[in-house]
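So this one's upload33.txt, compact mmCIF, C-alpha atoms:
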# COMPACT_ATOMS: atom_id res chain seq x y z
CA MET A 203 -45.08 -4.23 8.66
CA ASP A 204 -42.23 -3.16 6.34
CA ARG A 205 -39.65 -5.83 5.60
CA LYS A 206 -36.19 -4.82 6.81
CA THR A 207 -32.84 -5.73 5.28
CA PHE A 208 -29.70 -7.11 6.92
CA LEU A 209 -26.78 -6.58 4.53
CA SER A 210 -23.51 -8.45 5.04
CA VAL A 211 -20.41 -7.09 3.27
CA GLY A 212 -17.35 -9.19 2.48
CA GLU A 213 -15.93 -12.21 0.74
CA CYS A 214 -17.46 -15.63 0.21
CA MET A 215 -14.98 -18.31 -0.84
CA ILE A 216 -14.99 -21.86 -2.12
CA GLU A 217 -14.50 -24.06 0.95
CA MET A 218 -12.87 -27.49 0.84
CA ALA A 219 -13.56 -29.03 4.26
CA ALA A 220 -11.85 -32.22 5.44
CA LEU A 221 -14.13 -35.16 6.23
CA GLU A 222 -13.43 -37.91 8.74
CA ASN A 223 -12.34 -40.34 5.99
CA GLY A 224 -9.79 -37.86 4.61
CA ASP A 225 -11.86 -36.74 1.64
CA PHE A 226 -12.85 -33.11 1.14
CA ARG A 227 -16.33 -31.65 0.71
CA LEU A 228 -16.84 -28.60 -1.50
CA GLY A 229 -18.90 -25.79 -0.06
CA PHE A 230 -19.07 -22.02 0.11
CA ALA A 231 -18.22 -19.91 3.17
CA GLY A 232 -16.42 -16.85 4.53
CA ASP A 233 -16.76 -14.93 7.77
CA THR A 234 -19.38 -12.37 6.71
CA MET A 235 -21.20 -14.93 4.59
CA ASN A 236 -21.33 -17.33 7.55
CA THR A 237 -22.88 -14.65 9.75
CA ALA A 238 -25.45 -13.81 7.05
CA TRP A 239 -26.28 -17.54 6.84
CA TYR A 240 -27.08 -17.81 10.54
CA VAL A 241 -28.97 -14.51 10.59
CA ARG A 242 -31.09 -15.96 7.76
CA ALA A 243 -31.58 -19.20 9.69
CA CYS A 244 -32.75 -17.33 12.80
CA LEU A 245 -34.95 -14.53 11.41
CA PRO A 246 -38.41 -14.89 9.84
CA GLN A 247 -38.49 -14.42 6.07
CA GLU A 248 -41.64 -12.32 6.21
CA SER A 249 -40.04 -9.57 8.30
CA TRP A 250 -36.34 -9.66 7.33
CA ASN A 251 -34.52 -9.80 4.01
CA VAL A 252 -30.91 -11.04 4.31
CA ALA A 253 -28.62 -9.85 1.50
CA TYR A 254 -24.96 -10.26 0.67
CA PHE A 255 -22.72 -7.56 -0.82
CA THR A 256 -19.62 -8.76 -2.65
CA ARG A 257 -18.18 -9.33 -6.09
CA LEU A 258 -17.93 -12.61 -7.95
CA GLY A 259 -16.64 -13.66 -11.36
CA GLU A 260 -18.50 -14.96 -14.38
CA ASP A 261 -17.08 -18.47 -14.05
CA PRO A 262 -18.99 -21.70 -13.26
CA TYR A 263 -18.13 -21.63 -9.54
CA SER A 264 -19.38 -18.06 -9.20
CA ALA A 265 -22.62 -19.21 -10.83
CA LYS A 266 -22.84 -22.16 -8.43
CA MET A 267 -22.26 -19.80 -5.49
CA LEU A 268 -25.03 -17.46 -6.64
CA ASN A 269 -27.42 -20.39 -7.01
CA PHE A 270 -26.45 -21.59 -3.54
CA PHE A 271 -27.28 -18.20 -2.05
CA THR A 272 -30.61 -17.99 -3.83
CA GLU A 273 -31.63 -21.53 -2.89
CA ASN A 274 -31.03 -20.68 0.76
CA GLY A 275 -32.95 -17.42 0.85
CA ILE A 276 -30.04 -14.98 0.64
CA ASP A 277 -30.65 -11.97 -1.62
CA THR A 278 -28.02 -11.72 -4.40
CA SER A 279 -29.16 -8.42 -5.93
CA ARG A 280 -26.25 -6.60 -4.24
CA ILE A 281 -23.58 -8.85 -5.77
CA GLY A 282 -21.47 -7.38 -8.57
CA ARG A 283 -19.59 -9.35 -11.25
CA ASP A 284 -16.00 -9.12 -12.50
CA PRO A 285 -15.25 -10.88 -15.82
CA THR A 286 -11.50 -11.18 -15.10
CA ARG A 287 -11.56 -12.57 -11.54
CA ARG A 288 -12.82 -15.63 -9.65
CA PRO A 289 -13.83 -16.52 -6.06
CA GLY A 290 -11.05 -17.31 -3.62
CA LEU A 291 -10.59 -20.85 -2.27
CA TYR A 292 -9.51 -22.29 1.08
CA MET A 293 -8.99 -25.75 2.58
CA ILE A 294 -9.66 -26.70 6.20
CA GLU A 295 -7.73 -29.39 8.06
CA ILE A 296 -9.09 -30.47 11.48
CA THR A 297 -6.96 -31.79 14.37
CA ASP A 298 -8.74 -32.50 17.69
CA GLY A 299 -11.55 -30.14 16.70
CA GLU A 300 -9.22 -27.23 15.94
CA ARG A 301 -8.83 -26.00 12.38
CA SER A 302 -5.97 -24.89 10.18
CA PHE A 303 -6.46 -23.12 6.86
CA THR A 304 -4.70 -22.88 3.51
CA TYR A 305 -5.85 -20.05 1.21
CA TRP A 306 -5.77 -19.20 -2.50
CA ARG A 307 -7.30 -15.73 -2.86
CA ASP A 308 -4.86 -13.42 -4.67
CA GLN A 309 -7.20 -12.99 -7.65
CA SER A 310 -10.44 -12.99 -5.65
CA ALA A 311 -13.17 -10.87 -7.23
CA ALA A 312 -14.18 -9.72 -3.74
CA LYS A 313 -11.01 -7.61 -3.58
CA THR A 314 -12.80 -5.20 -5.96
CA LEU A 315 -16.09 -5.02 -4.04
CA ALA A 316 -15.62 -1.32 -3.25
CA ASP A 317 -14.67 -0.27 -6.79
CA ASP A 318 -18.21 0.71 -7.80
CA ARG A 319 -19.05 3.35 -5.24
CA VAL A 320 -22.48 4.15 -6.70
CA PHE A 321 -23.48 0.49 -6.46
CA MET A 322 -22.26 0.31 -2.86
CA SER A 323 -24.02 3.51 -1.84
CA SER A 324 -27.29 2.26 -3.34
CA ALA A 325 -26.99 -1.06 -1.50
CA PHE A 326 -26.29 0.65 1.82
CA GLU A 327 -29.18 3.05 1.31
CA ALA A 328 -31.57 0.10 0.96
CA ALA A 329 -30.30 -1.67 4.11
CA ASP A 330 -31.29 -1.30 7.75
CA VAL A 331 -28.35 -3.16 9.31
CA ILE A 332 -24.92 -3.32 7.63
CA TYR A 333 -22.39 -5.89 8.84
CA PHE A 334 -18.69 -6.04 7.93
CA SER A 335 -15.48 -7.45 9.35
CA GLY A 336 -11.75 -6.99 9.66
CA ILE A 337 -11.34 -9.52 6.86
CA THR A 338 -13.57 -7.36 4.65
CA MET A 339 -11.17 -4.48 5.34
CA ALA A 340 -8.01 -6.59 4.96
CA ILE A 341 -8.71 -7.93 1.47
CA LEU A 342 -9.30 -4.46 0.01
CA PRO A 343 -6.65 -2.13 -1.40
CA GLU A 344 -6.16 1.13 0.47
CA ALA A 345 -8.52 3.08 -1.83
CA GLY A 346 -11.22 0.45 -1.39
CA ARG A 347 -10.91 0.60 2.39
CA SER A 348 -11.33 4.36 2.32
CA THR A 349 -14.41 4.09 0.11
CA LEU A 350 -15.98 1.46 2.33
CA LEU A 351 -15.33 3.41 5.54
CA GLU A 352 -16.72 6.62 4.04
CA GLU A 353 -19.88 4.88 2.84
CA LEU A 354 -20.36 3.18 6.22
CA ALA A 355 -19.96 6.50 8.01
CA ALA A 356 -22.52 8.07 5.69
CA ALA A 357 -24.94 5.19 6.28
CA ARG A 358 -24.53 5.51 10.05
CA ARG A 359 -25.23 9.24 9.91
CA VAL A 360 -28.63 8.63 8.32
CA GLY A 361 -29.66 6.04 10.90
CA LYS A 362 -28.45 2.69 9.54
CA THR A 363 -27.11 0.29 12.18
CA THR A 364 -23.50 -0.61 11.39
CA VAL A 365 -21.89 -3.70 12.95
CA PHE A 366 -18.19 -4.59 12.89
CA ASP A 367 -16.37 -7.79 13.89
CA PRO A 368 -12.61 -7.03 13.96
CA ASN A 369 -11.79 -10.71 13.20
CA LEU A 370 -8.06 -9.99 13.43
CA ARG A 371 -6.04 -12.00 10.87
CA PRO A 372 -2.47 -10.62 10.78
CA ARG A 373 -1.42 -12.68 7.75
CA LEU A 374 -3.86 -10.72 5.58
CA TRP A 375 -2.29 -7.36 6.45
CA SER A 376 0.90 -5.66 5.28
CA SER A 377 1.90 -5.04 8.91
CA PRO A 378 0.50 -5.30 12.45
CA GLU A 379 0.49 -1.49 12.63
CA VAL A 380 -1.74 -1.16 9.55
CA MET A 381 -4.05 -3.86 10.91
CA ARG A 382 -4.43 -2.11 14.26
CA ALA A 383 -4.89 1.36 12.78
CA THR A 384 -7.48 0.22 10.23
CA THR A 385 -9.33 -1.81 12.85
CA MET A 386 -9.75 1.26 15.02
CA GLN A 387 -10.86 3.34 12.03
CA ALA A 388 -13.50 0.73 11.25
CA ALA A 389 -14.68 0.68 14.86
CA GLY A 390 -15.17 4.42 14.60
CA VAL A 391 -17.93 3.98 11.99
CA ALA A 392 -19.66 1.10 13.83
CA ASP A 393 -22.61 1.20 16.19
CA ILE A 394 -21.83 -2.32 17.48
CA VAL A 395 -18.37 -3.91 17.68
CA LEU A 396 -17.94 -7.67 18.27
CA PRO A 397 -14.29 -8.38 19.18
CA SER A 398 -12.89 -11.72 20.35
CA PHE A 399 -10.85 -11.23 23.52
CA ASP A 400 -8.00 -13.68 22.83
CA ASP A 401 -7.19 -11.99 19.51
CA GLU A 402 -7.57 -8.51 20.96
CA ALA A 403 -5.29 -9.26 23.92
CA ALA A 404 -2.67 -10.72 21.58
CA HIS A 405 -2.64 -7.82 19.11
CA PHE A 406 -3.72 -4.81 21.18
CA GLY A 407 -2.46 -5.87 24.62
CA ASP A 408 -5.83 -5.55 26.37
CA ALA A 409 -5.48 -6.65 30.00
CA ASP A 410 -9.09 -7.74 30.42
CA LEU A 411 -12.57 -7.60 28.90
CA ASP A 412 -13.22 -4.11 30.23
CA ALA A 413 -10.05 -2.73 28.67
CA CYS A 414 -11.06 -4.17 25.31
CA ALA A 415 -14.54 -2.65 25.54
CA ASP A 416 -13.16 0.71 26.70
CA ARG A 417 -10.85 0.95 23.69
CA TYR A 418 -13.63 0.38 21.18
CA LEU A 419 -16.07 2.69 22.95
CA ALA A 420 -13.40 5.40 22.89
CA ALA A 421 -13.03 4.85 19.14
CA GLY A 422 -16.70 5.74 18.60
CA ALA A 423 -18.68 2.52 18.94
CA LYS A 424 -22.02 2.80 20.74
CA SER A 425 -21.79 -0.69 22.22
CA VAL A 426 -19.26 -3.51 22.39
CA LEU A 427 -19.73 -7.23 22.99
CA VAL A 428 -16.40 -8.80 23.94
CA LYS A 429 -16.61 -12.49 23.03
CA ASN A 430 -14.40 -14.91 24.89
CA GLY A 431 -14.38 -18.38 23.34
CA GLY A 432 -17.21 -19.69 25.51
CA GLY A 433 -15.82 -18.06 28.65
CA PRO A 434 -17.22 -14.96 30.40
CA MET A 435 -18.37 -12.26 27.97
CA LEU A 436 -18.91 -8.55 28.45
CA PHE A 437 -21.53 -6.32 26.84
CA ALA A 438 -20.69 -2.64 27.34
CA GLY A 439 -22.43 0.57 26.35
CA ALA A 440 -21.79 4.18 27.25
CA GLU A 441 -23.75 3.94 30.51
CA SER A 442 -23.98 0.28 31.52
CA ARG A 443 -22.14 -3.06 31.44
CA HIS A 444 -23.28 -6.63 31.78
CA ARG A 445 -21.02 -9.66 32.24
CA MET A 446 -22.24 -13.10 31.19
CA ASP A 447 -20.72 -16.10 33.01
CA ALA A 448 -21.38 -19.83 33.29
CA LEU A 449 -22.24 -20.40 29.62
CA GLU A 450 -22.29 -24.06 28.60
CA ARG A 451 -19.11 -25.46 27.05
CA VAL A 452 -18.68 -28.60 24.93
CA LYS A 453 -15.79 -30.43 23.23
CA PRO A 454 -16.03 -29.25 19.61
CA VAL A 455 -15.99 -31.39 16.50
CA ASP A 456 -14.94 -28.40 14.37
CA THR A 457 -14.63 -24.79 15.51
CA THR A 458 -14.95 -23.40 11.98
CA GLY A 459 -17.64 -20.71 11.95
CA ALA A 460 -18.00 -20.61 15.75
CA GLY A 461 -17.65 -16.85 16.11
CA ASP A 462 -19.56 -16.10 12.91
CA SER A 463 -22.51 -18.25 13.97
CA PHE A 464 -22.48 -16.62 17.41
CA ASN A 465 -22.70 -13.25 15.67
CA GLY A 466 -25.63 -14.47 13.58
CA GLY A 467 -27.59 -15.71 16.57
CA PHE A 468 -26.74 -12.67 18.68
CA LEU A 469 -27.60 -10.11 16.00
CA SER A 470 -30.81 -11.87 14.96
CA ALA A 471 -32.04 -11.71 18.56
CA LEU A 472 -30.94 -8.10 19.01
CA MET A 473 -32.63 -7.09 15.74
CA SER A 474 -35.82 -8.77 16.93
CA GLY A 475 -35.87 -6.53 20.01
CA ALA A 476 -34.31 -8.84 22.60
CA PRO A 477 -32.13 -7.33 25.37
CA ALA A 478 -28.39 -7.88 25.06
CA GLU A 479 -28.31 -10.61 27.74
CA THR A 480 -30.94 -12.68 25.91
CA ALA A 481 -29.18 -12.10 22.59
CA ILE A 482 -25.89 -13.37 24.05
CA VAL A 483 -27.57 -16.58 25.21
CA LYS A 484 -29.08 -16.99 21.73
CA GLY A 485 -25.75 -16.46 20.02
CA HIS A 486 -24.05 -18.96 22.29
CA ALA A 487 -26.78 -21.56 21.68
CA VAL A 488 -26.39 -21.25 17.91
CA SER A 489 -22.59 -21.51 18.06
CA LEU A 490 -22.78 -24.64 20.24
CA GLN A 491 -24.77 -26.33 17.49
CA VAL A 492 -22.33 -25.25 14.79
CA ILE A 493 -19.14 -26.48 16.47
CA MET A 494 -20.63 -29.98 16.65
CA HIS A 495 -20.85 -29.94 12.83
CA ARG A 496 -18.03 -30.12 10.26
CA GLY A 497 -17.58 -27.04 8.08
CA ALA A 498 -18.67 -23.44 8.54
CA LEU A 499 -22.31 -23.83 7.49
CA MET A 500 -24.76 -26.33 8.94
CA PRO A 501 -28.10 -26.74 7.12
CA MET A 502 -30.41 -23.86 8.00
CA ALA A 503 -33.26 -26.24 8.69
CA ASP A 504 -31.14 -27.93 11.39
CA VAL A 505 -30.40 -24.72 13.28
CA LYS A 506 -32.56 -24.54 16.37
CA ALA A 507 -33.22 -20.84 16.42
Can you dump the structure from the file as structure tokens?
Amino acid sequence: MDRKTFLSVGECMIEMAALENGDFRLGFAGDTMNTAWYVRACLPQESWNVAYFTRLGEDPYSAKMLNFFTENGIDTSRIGRDPTRRPGLYMIEITDGERSFTYWRDQSAAKTLADDRVFMSSAFEAADVIYFSGITMAILPEAGRSTLLEELAAARRVGKTTVFDPNLRPRLWSSPEVMRATTMQAAGVADIVLPSFDDEAAHFGDADLDACADRYLAAGAKSVLVKNGGGPMLFAGAESRHRMDALERVKPVDTTGAGDSFNGGFLSALMSGAPAETAIVKGHAVSLQVIMHRGALMPMADVKA
């Protein structure tokens, strides 16, 4: 059996996560990296390669990040280097299980990840599933966004599965209008879209889960899973819909990485041939484990896949 490749596209940052005693723990995380991490934790090595596409610097922390990826089974051959830039950094503060973030990312090397189009095209050609997010789009300059969207559209045309999580973060965008317009453009090159209902209702005015799914299907997505913070979820395709209710809820220790880990569990099950309903249960089970752990990434060996 040929080994397939899941390629995640975006920014990995230096994470400083608050501990219970007030100290901070250094780690590495970022929305698309987190999802790649949980896909790697859930899929067998012998049948799936999990790779990350980004740009890093040539500084010591970039080297540490590359070593961290390699040590945890994430393919770094699609990572470019920029001698003048460094990884971004963020700090997480936790209050009653809910997080707040402070970022330093103006000179992040990942902002140039779309500059080498030949390198990107080659990476996409070698992948079977390509995953990206609204944050991936937001950190790029306008020319980089155009390049990424064009390459994703080309990959989709030749049969690659493209997956998009809108992950709406207004502070990263020049305006709400640009965020909304770019989000819908990105959905138009995606086979699967994974929106979170609370964010979508706030920024697009969706009245309910069906309205959210309808909007993304109309944009060109083949299927949409509307996540809902542990509440009822909706999986919608062109011809059928399935609503998932009564999923277990717990009081979180730290919600960092909740949606990303859900995506990892859900996509790993879907890529293994599971029906959408089973994949949703898998994604929810993985995210429940993660929100009982501080920081975005729990040890892969501890994830009950």
Could you produce a table of the residues of range 312-422 of chain A lying within 12 Å of range 212-233 of chain A, with the nearest pair of atoms per residue and their separation in Å rounded to one decimal, using all atoms listed in the file, ordered by chain and increasing residue number, as JSON lines?
{"residue": "A:Ala312", "atom": "CA", "partner": "A:Glu213", "partner_atom": "CA", "distance": 5.4}
{"residue": "A:Lys313", "atom": "CA", "partner": "A:Glu213", "partner_atom": "CA", "distance": 8.0}
{"residue": "A:Thr314", "atom": "CA", "partner": "A:Glu213", "partner_atom": "CA", "distance": 10.2}
{"residue": "A:Leu315", "atom": "CA", "partner": "A:Gly212", "partner_atom": "CA", "distance": 7.8}
{"residue": "A:Ala316", "atom": "CA", "partner": "A:Gly212", "partner_atom": "CA", "distance": 9.9}
{"residue": "A:Met322", "atom": "CA", "partner": "A:Gly212", "partner_atom": "CA", "distance": 12.0}
{"residue": "A:Ile332", "atom": "CA", "partner": "A:Gly212", "partner_atom": "CA", "distance": 10.9}
{"residue": "A:Tyr333", "atom": "CA", "partner": "A:Gly212", "partner_atom": "CA", "distance": 8.8}
{"residue": "A:Phe334", "atom": "CA", "partner": "A:Gly212", "partner_atom": "CA", "distance": 6.4}
{"residue": "A:Ser335", "atom": "CA", "partner": "A:Gly212", "partner_atom": "CA", "distance": 7.3}
{"residue": "A:Gly336", "atom": "CA", "partner": "A:Gly212", "partner_atom": "CA", "distance": 9.4}
{"residue": "A:Ile337", "atom": "CA", "partner": "A:Gly212", "partner_atom": "CA", "distance": 7.4}
{"residue": "A:Thr338", "atom": "CA", "partner": "A:Gly212", "partner_atom": "CA", "distance": 4.7}
{"residue": "A:Met339", "atom": "CA", "partner": "A:Gly212", "partner_atom": "CA", "distance": 8.3}
{"residue": "A:Ala340", "atom": "CA", "partner": "A:Gly212", "partner_atom": "CA", "distance": 10.0}
{"residue": "A:Ile341", "atom": "CA", "partner": "A:Glu213", "partner_atom": "CA", "distance": 8.4}
{"residue": "A:Leu342", "atom": "CA", "partner": "A:Gly212", "partner_atom": "CA", "distance": 9.7}
{"residue": "A:Arg347", "atom": "CA", "partner": "A:Gly212", "partner_atom": "CA", "distance": 11.7}
{"residue": "A:Leu350", "atom": "CA", "partner": "A:Gly212", "partner_atom": "CA", "distance": 10.7}
{"residue": "A:Phe366", "atom": "CA", "partner": "A:Gly212", "partner_atom": "CA", "distance": 11.4}
{"residue": "A:Asp367", "atom": "CA", "partner": "A:Asp233", "partner_atom": "CA", "distance": 9.4}
{"residue": "A:Pro368", "atom": "CA", "partner": "A:Asp233", "partner_atom": "CA", "distance": 10.9}
{"residue": "A:Asn369", "atom": "CA", "partner": "A:Asp233", "partner_atom": "CA", "distance": 8.5}
{"residue": "A:Leu370", "atom": "CA", "partner": "A:Asp233", "partner_atom": "CA", "distance": 11.5}
{"residue": "A:Arg371", "atom": "CA", "partner": "A:Asp233", "partner_atom": "CA", "distance": 11.5}
Excluding range 480-488 of chain A and any residue of its chain fewer than 6 positions from it, enumerate the residues within 8 Å of it, using all atoms listed in the file, and give them as a PyMOL selection string. chain A and resi 432+449+463-472+505-507
Just the residues within 9 Å of range 265-279 of chain A, please, counting only C-alpha atoms, with nothing from its chain fewer than 6 positions along; format it as a VMD selection string. chain A and resid 214 to 216 229 to 230 238 to 239 242 247 251 to 255 258 to 259 325 502
Using all atoms listed in the file, find the one residue out of A:Leu396, A:Ala476, A:Leu291, A:Met494 that sits nearest to Val365 in chain A. A:Leu396
If we count all atoms listed in the file and set the cut-off at 8 Å, which residues sit around range 400-409 of chain A, ignoring sequence neighbours fewer than 2 positions away in its own chain? Please answer as a ChimeraX atom specification. /A:369-370,378,382,397-398,411,413-414,430-431
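For the residues A:Val360, A:Met473, A:Leu490, A:Ile294, ranking by smallest atom-to-atom distance to Pro246 in chain A using all atoms listed in the file places A:Met473 first.
Atom pair CA of Ala460 in chain A / CA of Tyr292 in chain A has a distance of 17.0 Å (rounded to one decimal).
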Can you pull out the residues contacting Asp456 in chain A? Cut-off 10 Å, using all atoms listed in the file, and skip same-chain residues under 3 positions away; I want them as a PyMOL selection string. chain A and resi 294-301+453+459-460+492-498
Produce a file of the selected residues containing C-alpha atoms, as a PDB file, in the coordinates of the input.
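What ended up in selection_5.pdb:
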ATOM      1  CA  ILE A 294      -9.660 -26.700   6.200  1.00  0.00           C
ATOM      2  CA  GLU A 295      -7.730 -29.390   8.060  1.00  0.00           C
ATOM      3  CA  ILE A 296      -9.090 -30.470  11.480  1.00  0.00           C
ATOM      4  CA  THR A 297      -6.960 -31.790  14.370  1.00  0.00           C
ATOM      5  CA  ASP A 298      -8.740 -32.500  17.690  1.00  0.00           C
ATOM      6  CA  GLY A 299     -11.550 -30.140  16.700  1.00  0.00           C
ATOM      7  CA  GLU A 300      -9.220 -27.230  15.940  1.00  0.00           C
ATOM      8  CA  ARG A 301      -8.830 -26.000  12.380  1.00  0.00           C
ATOM      9  CA  LYS A 453     -15.790 -30.430  23.230  1.00  0.00           C
ATOM     10  CA  GLY A 459     -17.640 -20.710  11.950  1.00  0.00           C
ATOM     11  CA  ALA A 460     -18.000 -20.610  15.750  1.00  0.00           C
ATOM     12  CA  VAL A 492     -22.330 -25.250  14.790  1.00  0.00           C
ATOM     13  CA  ILE A 493     -19.140 -26.480  16.470  1.00  0.00           C
ATOM     14  CA  MET A 494     -20.630 -29.980  16.650  1.00  0.00           C
ATOM     15  CA  HIS A 495     -20.850 -29.940  12.830  1.00  0.00           C
ATOM     16  CA  ARG A 496     -18.030 -30.120  10.260  1.00  0.00           C
ATOM     17  CA  GLY A 497     -17.580 -27.040   8.080  1.00  0.00           C
ATOM     18  CA  ALA A 498     -18.670 -23.440   8.540  1.00  0.00           C
TER      19      ALA A 498
END
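Rounded to one decimal, CA of Met386 in chain A and CA of Arg443 in chain A lie 21.0 Å from each other.
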Mind pulling up the distance from CA of Asp393 in chain A to CA of Glu353 in chain A? 14.1 Å
First collect every listed atom of range 345-353 of chain A; then fit an axis-aligned box around them, widen it by 4 Å on each side, and give centre and edge lengths in Å to one decimal, as AutoDock Vina command-line options.
--center_x -14.2 --center_y 3.5 --center_z 1.9 --size_x 19.4 --size_y 14.2 --size_z 15.4
Find the spatial neighbours of Ala438 in chain A, counting all atoms listed in the file, within a cut-off of 8 Å - ignore same-chain residues fewer than 3 positions away - and output them as a list in words. Ala415, Ser425, Val426, Leu427, Glu441, Ser442, Arg443 and His444 of chain A
Selection file, C-alpha atoms, as a PDB file, in the coordinates of the input:
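Output saved as selection04.pdb:
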ATOM      1  CA  ALA A 415     -14.540  -2.650  25.540  1.00  0.00           C
ATOM      2  CA  SER A 425     -21.790  -0.690  22.220  1.00  0.00           C
ATOM      3  CA  VAL A 426     -19.260  -3.510  22.390  1.00  0.00           C
ATOM      4  CA  LEU A 427     -19.730  -7.230  22.990  1.00  0.00           C
ATOM      5  CA  GLU A 441     -23.750   3.940  30.510  1.00  0.00           C
ATOM      6  CA  SER A 442     -23.980   0.280  31.520  1.00  0.00           C
ATOM      7  CA  ARG A 443     -22.140  -3.060  31.440  1.00  0.00           C
ATOM      8  CA  HIS A 444     -23.280  -6.630  31.780  1.00  0.00           C
TER       9      HIS A 444
END
Model the absent atoms of range 490-503 of chain A so that N, CA and C atoms are present, and write the result as a PDB file, keeping the file's coordinate frame.
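New file selection32.pdb:
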ATOM      1  N   LEU A 490     -22.958 -23.282  19.709  1.00  0.00           N
ATOM      2  CA  LEU A 490     -22.780 -24.640  20.240  1.00  0.00           C
ATOM      3  C   LEU A 490     -23.236 -25.687  19.231  1.00  0.00           C
ATOM      4  N   GLN A 491     -24.305 -25.403  18.513  1.00  0.00           N
ATOM      5  CA  GLN A 491     -24.770 -26.330  17.490  1.00  0.00           C
ATOM      6  C   GLN A 491     -23.760 -26.436  16.344  1.00  0.00           C
ATOM      7  N   VAL A 492     -23.210 -25.302  15.955  1.00  0.00           N
ATOM      8  CA  VAL A 492     -22.330 -25.250  14.790  1.00  0.00           C
ATOM      9  C   VAL A 492     -21.016 -25.971  15.036  1.00  0.00           C
ATOM     10  N   ILE A 493     -20.446 -25.859  16.225  1.00  0.00           N
ATOM     11  CA  ILE A 493     -19.140 -26.480  16.470  1.00  0.00           C
ATOM     12  C   ILE A 493     -19.238 -27.998  16.644  1.00  0.00           C
ATOM     13  N   MET A 494     -20.446 -28.531  16.657  1.00  0.00           N
ATOM     14  CA  MET A 494     -20.630 -29.980  16.650  1.00  0.00           C
ATOM     15  C   MET A 494     -20.858 -30.502  15.235  1.00  0.00           C
ATOM     16  N   HIS A 495     -20.609 -29.632  14.240  1.00  0.00           N
ATOM     17  CA  HIS A 495     -20.850 -29.940  12.830  1.00  0.00           C
ATOM     18  C   HIS A 495     -19.584 -29.599  12.054  1.00  0.00           C
ATOM     19  N   ARG A 496     -19.231 -30.392  11.050  1.00  0.00           N
ATOM     20  CA  ARG A 496     -18.030 -30.120  10.260  1.00  0.00           C
ATOM     21  C   ARG A 496     -18.326 -29.071   9.188  1.00  0.00           C
ATOM     22  N   GLY A 497     -17.409 -28.113   9.052  1.00  0.00           N
ATOM     23  CA  GLY A 497     -17.580 -27.040   8.080  1.00  0.00           C
ATOM     24  C   GLY A 497     -18.234 -25.823   8.711  1.00  0.00           C
ATOM     25  N   ALA A 498     -18.182 -24.713   7.988  1.00  0.00           N
ATOM     26  CA  ALA A 498     -18.670 -23.440   8.540  1.00  0.00           C
ATOM     27  C   ALA A 498     -20.186 -23.357   8.582  1.00  0.00           C
ATOM     28  N   LEU A 499     -20.859 -23.994   7.621  1.00  0.00           N
ATOM     29  CA  LEU A 499     -22.310 -23.830   7.490  1.00  0.00           C
ATOM     30  C   LEU A 499     -23.031 -25.141   7.741  1.00  0.00           C
ATOM     31  N   MET A 500     -23.873 -25.178   8.767  1.00  0.00           N
ATOM     32  CA  MET A 500     -24.760 -26.330   8.940  1.00  0.00           C
ATOM     33  C   MET A 500     -26.082 -26.007   8.247  1.00  0.00           C
ATOM     34  N   PRO A 501     -26.837 -27.013   7.815  1.00  0.00           N
ATOM     35  CA  PRO A 501     -28.100 -26.740   7.120  1.00  0.00           C
ATOM     36  C   PRO A 501     -28.997 -25.810   7.944  1.00  0.00           C
ATOM     37  N   MET A 502     -29.560 -24.818   7.271  1.00  0.00           N
ATOM     38  CA  MET A 502     -30.410 -23.860   8.000  1.00  0.00           C
ATOM     39  C   MET A 502     -31.553 -24.547   8.724  1.00  0.00           C
ATOM     40  N   ALA A 503     -32.107 -25.553   8.094  1.00  0.00           N
ATOM     41  CA  ALA A 503     -33.260 -26.240   8.690  1.00  0.00           C
ATOM     42  C   ALA A 503     -32.886 -26.956   9.988  1.00  0.00           C
TER      43      ALA A 503
END
